[in-house]
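What's in final_32.txt: compact mmCIF, C-alpha atoms and all ligand atoms
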```txt
# COMPACT_ATOMS: atom_id res chain seq x y z
CA MET A 1 69.96 70.47 -68.21
CA LYS A 2 71.76 72.22 -71.06
CA ARG A 3 74.53 73.22 -68.68
CA ILE A 4 75.01 69.63 -67.59
CA ALA A 5 75.14 68.47 -71.21
CA THR A 6 77.84 71.05 -71.99
CA LYS A 7 79.82 70.05 -68.93
CA LEU A 8 79.57 66.41 -69.94
CA ALA A 9 80.78 67.22 -73.44
CA ILE A 10 83.80 68.97 -71.94
CA LEU A 11 84.32 66.03 -69.62
CA ALA A 12 84.29 63.61 -72.57
CA LEU A 13 86.83 65.71 -74.48
CA VAL A 14 89.38 65.96 -71.70
CA SER A 15 88.65 62.65 -70.00
CA CYS A 16 91.93 61.02 -70.98
CA VAL A 17 93.98 63.75 -69.33
CA ALA A 18 92.29 64.44 -66.03
CA ARG A 19 89.17 62.34 -65.84
CA PRO A 20 88.90 61.60 -62.11
CA LEU A 21 89.42 65.19 -60.97
CA LEU A 22 87.09 66.65 -63.54
CA ALA A 23 84.50 63.94 -63.12
CA SER A 24 84.38 64.36 -59.37
CA GLU A 25 83.83 68.07 -59.84
CA THR A 26 81.21 67.65 -62.53
CA ILE A 27 79.15 64.62 -61.51
CA PRO A 28 77.06 64.85 -58.32
CA LEU A 29 79.08 62.08 -56.67
CA LYS A 30 77.93 62.87 -53.14
CA ASN A 31 74.50 61.50 -54.09
CA CYS A 32 76.19 58.11 -54.35
CA THR A 33 79.23 58.19 -52.07
CA TRP A 34 77.33 58.60 -48.80
CA CYS A 35 76.14 55.01 -49.29
CA HIS A 36 78.80 53.48 -51.57
CA GLY A 37 81.75 54.97 -49.64
CA PRO A 38 84.00 57.98 -50.44
CA SER A 39 86.01 56.08 -53.09
CA VAL A 40 82.99 53.93 -54.08
CA GLN A 41 84.79 50.79 -52.86
CA GLY A 42 81.55 49.69 -51.23
CA TYR A 43 80.27 50.28 -47.73
CA SER A 44 77.83 48.34 -45.58
CA ASN A 45 75.05 47.04 -47.86
CA ALA A 46 76.05 49.13 -50.88
CA PRO A 47 78.44 47.29 -53.25
CA ARG A 48 81.72 48.46 -54.72
CA LEU A 49 81.29 50.43 -57.96
CA ALA A 50 85.01 51.22 -58.52
CA GLY A 51 86.38 49.17 -61.41
CA GLN A 52 83.00 47.70 -62.28
CA GLN A 53 82.35 47.16 -66.01
CA GLU A 54 81.03 50.32 -67.64
CA LEU A 55 78.29 48.68 -69.74
CA TYR A 56 77.17 46.59 -66.76
CA LEU A 57 76.86 49.74 -64.61
CA GLU A 58 74.80 51.46 -67.32
CA ALA A 59 72.54 48.42 -67.63
CA GLN A 60 71.97 48.21 -63.87
CA LEU A 61 71.20 51.91 -63.52
CA THR A 62 68.59 51.41 -66.24
CA ASN A 63 67.27 48.27 -64.50
CA PHE A 64 66.77 50.24 -61.27
CA ARG A 65 64.92 52.93 -63.18
CA THR A 66 62.62 50.44 -64.95
CA HIS A 67 62.31 48.36 -61.74
CA LEU A 68 63.52 45.18 -63.49
CA ARG A 69 65.95 44.83 -60.58
CA ASP A 70 63.38 44.37 -57.85
CA ASN A 71 65.16 42.81 -54.85
CA PRO A 72 64.48 44.49 -51.47
CA TYR A 73 67.73 46.55 -51.22
CA SER A 74 67.31 47.82 -54.78
CA ARG A 75 63.71 48.78 -54.10
CA ASP A 76 64.51 50.47 -50.79
CA PHE A 77 67.70 52.31 -51.78
CA MET A 78 68.38 52.42 -55.52
CA TRP A 79 65.00 53.04 -57.12
CA SER A 80 64.80 56.52 -55.64
CA ALA A 81 68.56 57.22 -55.95
CA VAL A 82 68.42 56.93 -59.77
CA ALA A 83 64.87 58.09 -60.43
CA HIS A 84 66.02 61.49 -61.69
CA LEU A 85 69.14 60.48 -63.63
CA ASP A 86 68.94 61.09 -67.36
CA GLU A 87 70.84 58.99 -69.89
CA ASP A 88 73.81 61.36 -70.14
CA MET A 89 74.25 61.24 -66.39
CA VAL A 90 73.94 57.44 -66.32
CA ARG A 91 76.75 57.24 -68.89
CA ALA A 92 78.88 59.77 -67.00
CA PHE A 93 78.54 57.87 -63.70
CA ALA A 94 79.23 54.51 -65.37
CA SER A 95 82.34 55.68 -67.19
CA TYR A 96 83.74 57.43 -64.11
CA PHE A 97 83.20 54.50 -61.73
CA ALA A 98 84.60 52.03 -64.27
CA SER A 99 87.81 54.09 -64.45
CA LEU A 100 88.55 53.81 -60.70
CA PRO A 101 90.84 51.01 -59.40
CA PRO A 102 88.90 48.38 -57.41
CA GLU A 103 90.12 46.91 -54.10
CA ALA A 104 89.32 43.37 -52.96
CA ALA A 105 86.95 43.25 -49.97
CA ASP A 106 88.79 40.28 -48.36
CA ASP A 107 85.86 39.57 -46.04
CA GLY A 108 84.93 35.95 -46.78
CA ASN A 109 85.87 32.72 -45.00
CA ARG A 110 89.45 31.79 -45.98
CA ASN A 111 88.80 28.11 -45.31
CA LEU A 112 86.37 28.04 -48.24
CA ILE A 113 88.71 29.60 -50.85
CA ALA A 114 89.76 26.30 -52.45
CA THR A 115 86.18 24.98 -52.69
CA GLY A 116 84.89 28.27 -54.12
CA ARG A 117 87.71 28.53 -56.61
CA ASN A 118 87.07 25.01 -57.81
CA ILE A 119 83.40 25.76 -58.55
CA PHE A 120 84.32 29.08 -60.17
CA GLU A 121 86.81 27.45 -62.52
CA PHE A 122 85.20 24.09 -63.25
CA GLY A 123 81.50 24.44 -62.37
CA ILE A 124 79.66 21.46 -60.88
CA PRO A 125 79.05 19.10 -63.81
CA GLU A 126 76.78 16.72 -61.83
CA ALA A 127 74.50 19.61 -60.80
CA ASN A 128 74.61 21.18 -64.28
CA VAL A 129 76.38 24.33 -63.01
CA ALA A 130 78.48 26.01 -65.70
CA ALA A 131 81.95 27.25 -64.77
CA CYS A 132 81.60 30.91 -63.76
CA ILE A 133 85.01 31.66 -65.31
CA VAL A 134 83.58 31.11 -68.80
CA CYS A 135 81.55 34.33 -68.56
CA HIS A 136 83.13 36.29 -65.68
CA GLY A 137 86.77 35.73 -66.75
CA PRO A 138 89.85 34.28 -64.98
CA ASN A 139 89.95 36.91 -62.21
CA GLY A 140 86.22 37.48 -62.19
CA GLU A 141 86.85 40.76 -64.00
CA GLY A 142 83.78 40.55 -66.27
CA VAL A 143 83.38 42.04 -69.71
CA ARG A 144 80.83 44.46 -71.19
CA THR A 145 77.46 43.73 -69.51
CA ILE A 146 78.90 40.81 -67.50
CA PRO A 147 79.99 42.27 -64.14
CA ARG A 148 83.30 42.09 -62.33
CA VAL A 149 82.60 39.76 -59.41
CA GLY A 150 86.22 39.41 -58.21
CA GLY A 151 86.79 41.31 -54.96
CA LEU A 152 83.16 42.27 -54.25
CA SER A 153 82.20 41.76 -50.63
CA TYR A 154 81.21 38.33 -49.36
CA PHE A 155 77.93 39.66 -47.94
CA TYR A 156 76.89 41.35 -51.17
CA LEU A 157 77.81 38.37 -53.38
CA LYS A 158 76.00 35.92 -51.10
CA ARG A 159 72.91 38.12 -50.93
CA ARG A 160 72.75 38.56 -54.72
CA LEU A 161 72.94 34.80 -55.31
CA ASP A 162 70.44 34.05 -52.49
CA GLU A 163 67.99 36.62 -53.89
CA TRP A 164 68.06 35.05 -57.34
CA VAL A 165 67.28 31.71 -55.69
CA ALA A 166 64.35 33.43 -53.93
CA GLY A 167 63.01 34.65 -57.30
CA TYR A 168 63.96 38.34 -57.31
CA SER A 169 65.37 40.18 -60.38
CA SER A 170 64.27 37.27 -62.52
CA ALA A 171 65.06 39.06 -65.82
CA ALA A 172 68.82 38.92 -65.09
CA VAL A 173 69.57 36.07 -67.55
CA PRO A 174 71.37 33.70 -66.93
CA MET A 175 71.95 34.23 -63.20
CA PRO A 176 68.62 33.14 -61.66
CA GLN A 177 69.03 29.74 -63.31
CA VAL A 178 72.74 29.50 -62.38
CA ALA A 179 72.01 30.42 -58.74
CA ARG A 180 69.15 27.94 -58.39
CA SER A 181 71.52 25.08 -59.22
CA LEU A 182 73.85 26.03 -56.33
CA SER A 183 73.48 24.79 -52.74
CA GLY A 184 73.75 27.16 -49.77
CA GLN A 185 77.27 25.81 -49.14
CA ASP A 186 78.28 26.36 -52.78
CA ILE A 187 77.11 29.98 -52.52
CA GLU A 188 79.09 30.54 -49.32
CA ALA A 189 82.22 29.07 -50.87
CA LEU A 190 81.89 31.09 -54.10
CA ALA A 191 81.20 34.36 -52.25
CA SER A 192 84.16 33.70 -49.92
CA TYR A 193 86.60 32.89 -52.74
CA LEU A 194 85.55 35.87 -54.87
CA SER A 195 85.87 38.34 -51.99
CA PHE A 196 89.65 37.66 -51.97
CA VAL A 197 90.24 37.93 -55.72
CA GLY A 198 92.39 40.98 -56.37
CA TYR A 199 92.32 43.38 -59.28
CA SER A 200 95.03 41.89 -61.47
CA ALA A 201 96.70 39.12 -59.51
CA GLY A 202 93.72 36.87 -58.85
CA GLN A 203 94.06 34.39 -56.00
C1 LIG A 301 70.72 55.21 -49.72
C2 LIG A 301 71.89 54.43 -50.13
C3 LIG A 301 72.31 54.47 -51.59
C4 LIG A 301 72.50 55.58 -52.39
C5 LIG A 301 72.27 57.05 -52.04
C6 LIG A 301 72.99 55.08 -53.66
N1 LIG A 301 73.09 53.71 -53.62
FE1 LIG A 301 73.59 52.50 -55.18
N2 LIG A 301 73.17 50.85 -54.05
C7 LIG A 301 72.77 50.87 -52.72
C8 LIG A 301 72.52 49.51 -52.27
C9 LIG A 301 72.06 49.08 -50.89
C10 LIG A 301 72.77 48.68 -53.40
C11 LIG A 301 72.66 47.15 -53.45
C12 LIG A 301 71.37 46.73 -54.10
C13 LIG A 301 71.26 45.21 -54.08
O1 LIG A 301 71.59 44.59 -53.07
O2 LIG A 301 70.84 44.64 -55.10
C14 LIG A 301 73.19 49.56 -54.49
C15 LIG A 301 73.55 49.11 -55.76
C16 LIG A 301 74.02 49.92 -56.79
C17 LIG A 301 74.47 49.44 -58.09
C18 LIG A 301 74.54 48.00 -58.54
C19 LIG A 301 75.97 47.51 -58.49
C20 LIG A 301 76.14 46.08 -58.90
O3 LIG A 301 77.25 45.56 -58.74
O4 LIG A 301 75.19 45.48 -59.42
C21 LIG A 301 74.82 50.55 -58.81
C22 LIG A 301 75.35 50.58 -60.23
C23 LIG A 301 74.62 51.71 -57.96
N3 LIG A 301 74.12 51.30 -56.74
C24 LIG A 301 74.88 53.01 -58.35
C25 LIG A 301 74.57 54.14 -57.58
C26 LIG A 301 74.70 55.51 -58.06
C27 LIG A 301 75.21 55.92 -59.42
C28 LIG A 301 74.27 56.32 -57.04
C29 LIG A 301 74.19 57.83 -57.02
C30 LIG A 301 73.36 58.44 -58.05
C31 LIG A 301 73.84 55.44 -55.94
N4 LIG A 301 74.06 54.13 -56.31
C32 LIG A 301 73.32 55.90 -54.73
C33 LIG A 301 72.63 51.99 -51.93
C34 LIG A 301 72.67 53.30 -52.38
C1 LIG A 302 76.56 32.36 -69.25
C2 LIG A 302 77.29 33.46 -68.59
C3 LIG A 302 77.38 33.45 -67.06
C4 LIG A 302 77.76 32.41 -66.24
C5 LIG A 302 78.13 30.97 -66.62
C6 LIG A 302 77.76 32.96 -64.89
N1 LIG A 302 77.39 34.27 -64.89
FE1 LIG A 302 77.19 35.49 -63.27
N2 LIG A 302 76.45 36.98 -64.45
C7 LIG A 302 76.29 36.91 -65.82
C8 LIG A 302 75.58 38.09 -66.29
C9 LIG A 302 75.20 38.40 -67.72
C10 LIG A 302 75.33 38.87 -65.13
C11 LIG A 302 74.56 40.19 -65.07
C12 LIG A 302 73.11 39.87 -64.77
C13 LIG A 302 72.24 41.09 -64.67
O1 LIG A 302 71.80 41.58 -65.70
O2 LIG A 302 72.00 41.56 -63.55
C14 LIG A 302 75.90 38.15 -64.00
C15 LIG A 302 75.89 38.63 -62.69
C16 LIG A 302 76.47 37.98 -61.61
C17 LIG A 302 76.57 38.51 -60.26
C18 LIG A 302 76.11 39.88 -59.79
C19 LIG A 302 77.29 40.81 -59.57
C20 LIG A 302 76.91 42.19 -59.11
O3 LIG A 302 77.75 43.09 -59.22
O4 LIG A 302 75.80 42.37 -58.61
C21 LIG A 302 77.15 37.54 -59.49
C22 LIG A 302 77.45 37.61 -58.01
C23 LIG A 302 77.45 36.42 -60.37
N3 LIG A 302 77.03 36.71 -61.65
C24 LIG A 302 78.09 35.26 -59.95
C25 LIG A 302 78.26 34.13 -60.76
C26 LIG A 302 78.76 32.85 -60.27
C27 LIG A 302 79.21 32.59 -58.84
C28 LIG A 302 78.74 31.99 -61.35
C29 LIG A 302 79.12 30.52 -61.38
C30 LIG A 302 78.44 29.64 -60.45
C31 LIG A 302 78.25 32.75 -62.50
N4 LIG A 302 77.96 34.03 -62.10
C32 LIG A 302 78.09 32.21 -63.77
C33 LIG A 302 76.72 35.87 -66.64
C34 LIG A 302 77.13 34.61 -66.21
```

Could you write out this structure as structure tokens?
Amino acid sequence: MKRIATKLAILALVSCVARPLLASETIPLKNCTWCHGPSVQGYSNAPRLAGQQELYLEAQLTNFRTHLRDNPYSRDFMWSAVAHLDEDMVRAFASYFASLPPEAADDGNRNLIATGRNIFEFGIPEANVAACIVCHGPNGEGVRTIPRVGGLSYFYLKRRLDEWVAGYSSAAVPMPQVARSLSGQDIEALASYLSFVGYSAGQ
């Protein structure tokens, strides 16, 4: 443990110069990349971690450890994956993943982009749905503990929203309430639009 702490201290000191190289040598990335993909851009059911907000990543790793995030995929895959991470390691993973450039998944339905974008930017006043842009930012980039949603995969985004509707991860304020005000078609349109939103350009 002491050795890891020393390595992390060195990592923190030199992070501005050669963070990715050093981090990939120091952090046990393979424990994560075999599910999240070699550049953690997401793979199959495991979402993209590259470019995700650092404080959000830290909060989620803690939520898996305390089982606050209790949807089926978290229970089956993430509870055990983070069970032995200590706080230093959680911070090291979060800061490394946040520093990597994200790529848009581009896997939604293009015909729904305009509808999804409209809900994202203006909400649905008659259904009491707040505009997502207010919290998640113009390109869905997020801030602090609010996640980047722009460019995540359609399937992951849709599943997250559906699972909040179904009552899982109910401590994730305000999302369970937001999701419950959306129809199935709204969710499909939002997940489609967001899957095409690029890192800086938006859509
Ligand atoms: C066995 C496969 C597997 C392994 C190994 C794994 N993950 Fe995951 N991870 C998943 C899946 C599946 C999800 C999606 C959970 C959900 O749908 O809510 C996930 C979700 C996450 C999230 C939430 C992202 C978000 O946008 O909310 C974080 C953070 C994360 N993993 C970090 C890690 C880290 C760090 C490691 C290595 C220590 C790791 N994962 C190892 C499968 C895995
Ligand atoms: C009042 C602020 C707020 C608004 C409005 C809001 N969100 Fe969120 N959203 C959050 C926060 C905070 C989280 C993190 C929740 C947690 O702790 O897991 C989140 C998480 C998410 C996630 C999970 C991302 C991931 O990586 O797993 C998705 C998807 C999402 N929001 C989509 C939306 C959509 C679509 C809308 C609009 C219909 C919206 N949000 C409106 C604050 C907001």

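You will find CA of Ala98 (chain A) at 25.7 Å from CA of Asp162 (chain A).
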
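Restricting the calculation to only C-alpha atoms and all ligand atoms, the smallest distance between ligand LIG 301 (chain A) and any of A:Ala130, A:Asn71, A:Gln41, A:Gly108 is found for A:Asn71.
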
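Minimum atom-to-atom distance to Gln177 (chain A), evaluated using only C-alpha atoms, belongs to A:Leu161 out of A:Ala50, A:Ala59, A:Val197, A:Leu161.
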
Could you give me, as CSV, every chain A residue with an atom at most 6 Å from ligand LIG 301 (chain A), plus its closest atom pair and distance in Å to one decimal, counting all atoms listed in the file, rows ordered by chain then number?
```
residue,atom,partner,partner_atom,distance
A:Asn31,CA,A:LIG301,C29,4.7
A:Cys32,CA,A:LIG301,C29,3.3
A:Cys35,CA,A:LIG301,C2,4.4
A:Asn45,CA,A:LIG301,C9,4.7
A:Ala46,CA,A:LIG301,C8,3.8
A:Pro47,CA,A:LIG301,C11,5.8
A:Leu57,CA,A:LIG301,C22,4.7
A:Gln60,CA,A:LIG301,C22,5.5
A:Leu61,CA,A:LIG301,C22,5.5
A:Asn71,CA,A:LIG301,O2,6.0
A:Tyr73,CA,A:LIG301,C12,4.6
A:Ser74,CA,A:LIG301,C12,4.3
A:Phe77,CA,A:LIG301,C1,4.7
A:Met78,CA,A:LIG301,FE1,5.2
A:Ala81,CA,A:LIG301,C32,5.1
A:Val82,CA,A:LIG301,C30,5.4
A:Phe93,CA,A:LIG301,C27,5.8
```

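Distance check against Leu68 (chain A) using all atoms listed in the file: of A:Pro101, A:Ala172, A:Val143, A:Asp107, the minimum falls on A:Ala172.
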
* To do: Would you list the residues near (75.5, 32.6, -58.3) (no more than 7 Å away, in the coordinates of the file, using only C-alpha atoms) as a PyMOL selection string?
  => chain A and resi 161+175+178-179+187

* Asked: Counting only C-alpha atoms and all ligand atoms, what residues are within 7 Å of ligand LIG 302 (chain A), given as a PyMOL selection string?
  -> chain A and resi 60+119-120+123+129-132+134-136+145-149+157+160-161+172-175+178-179+190
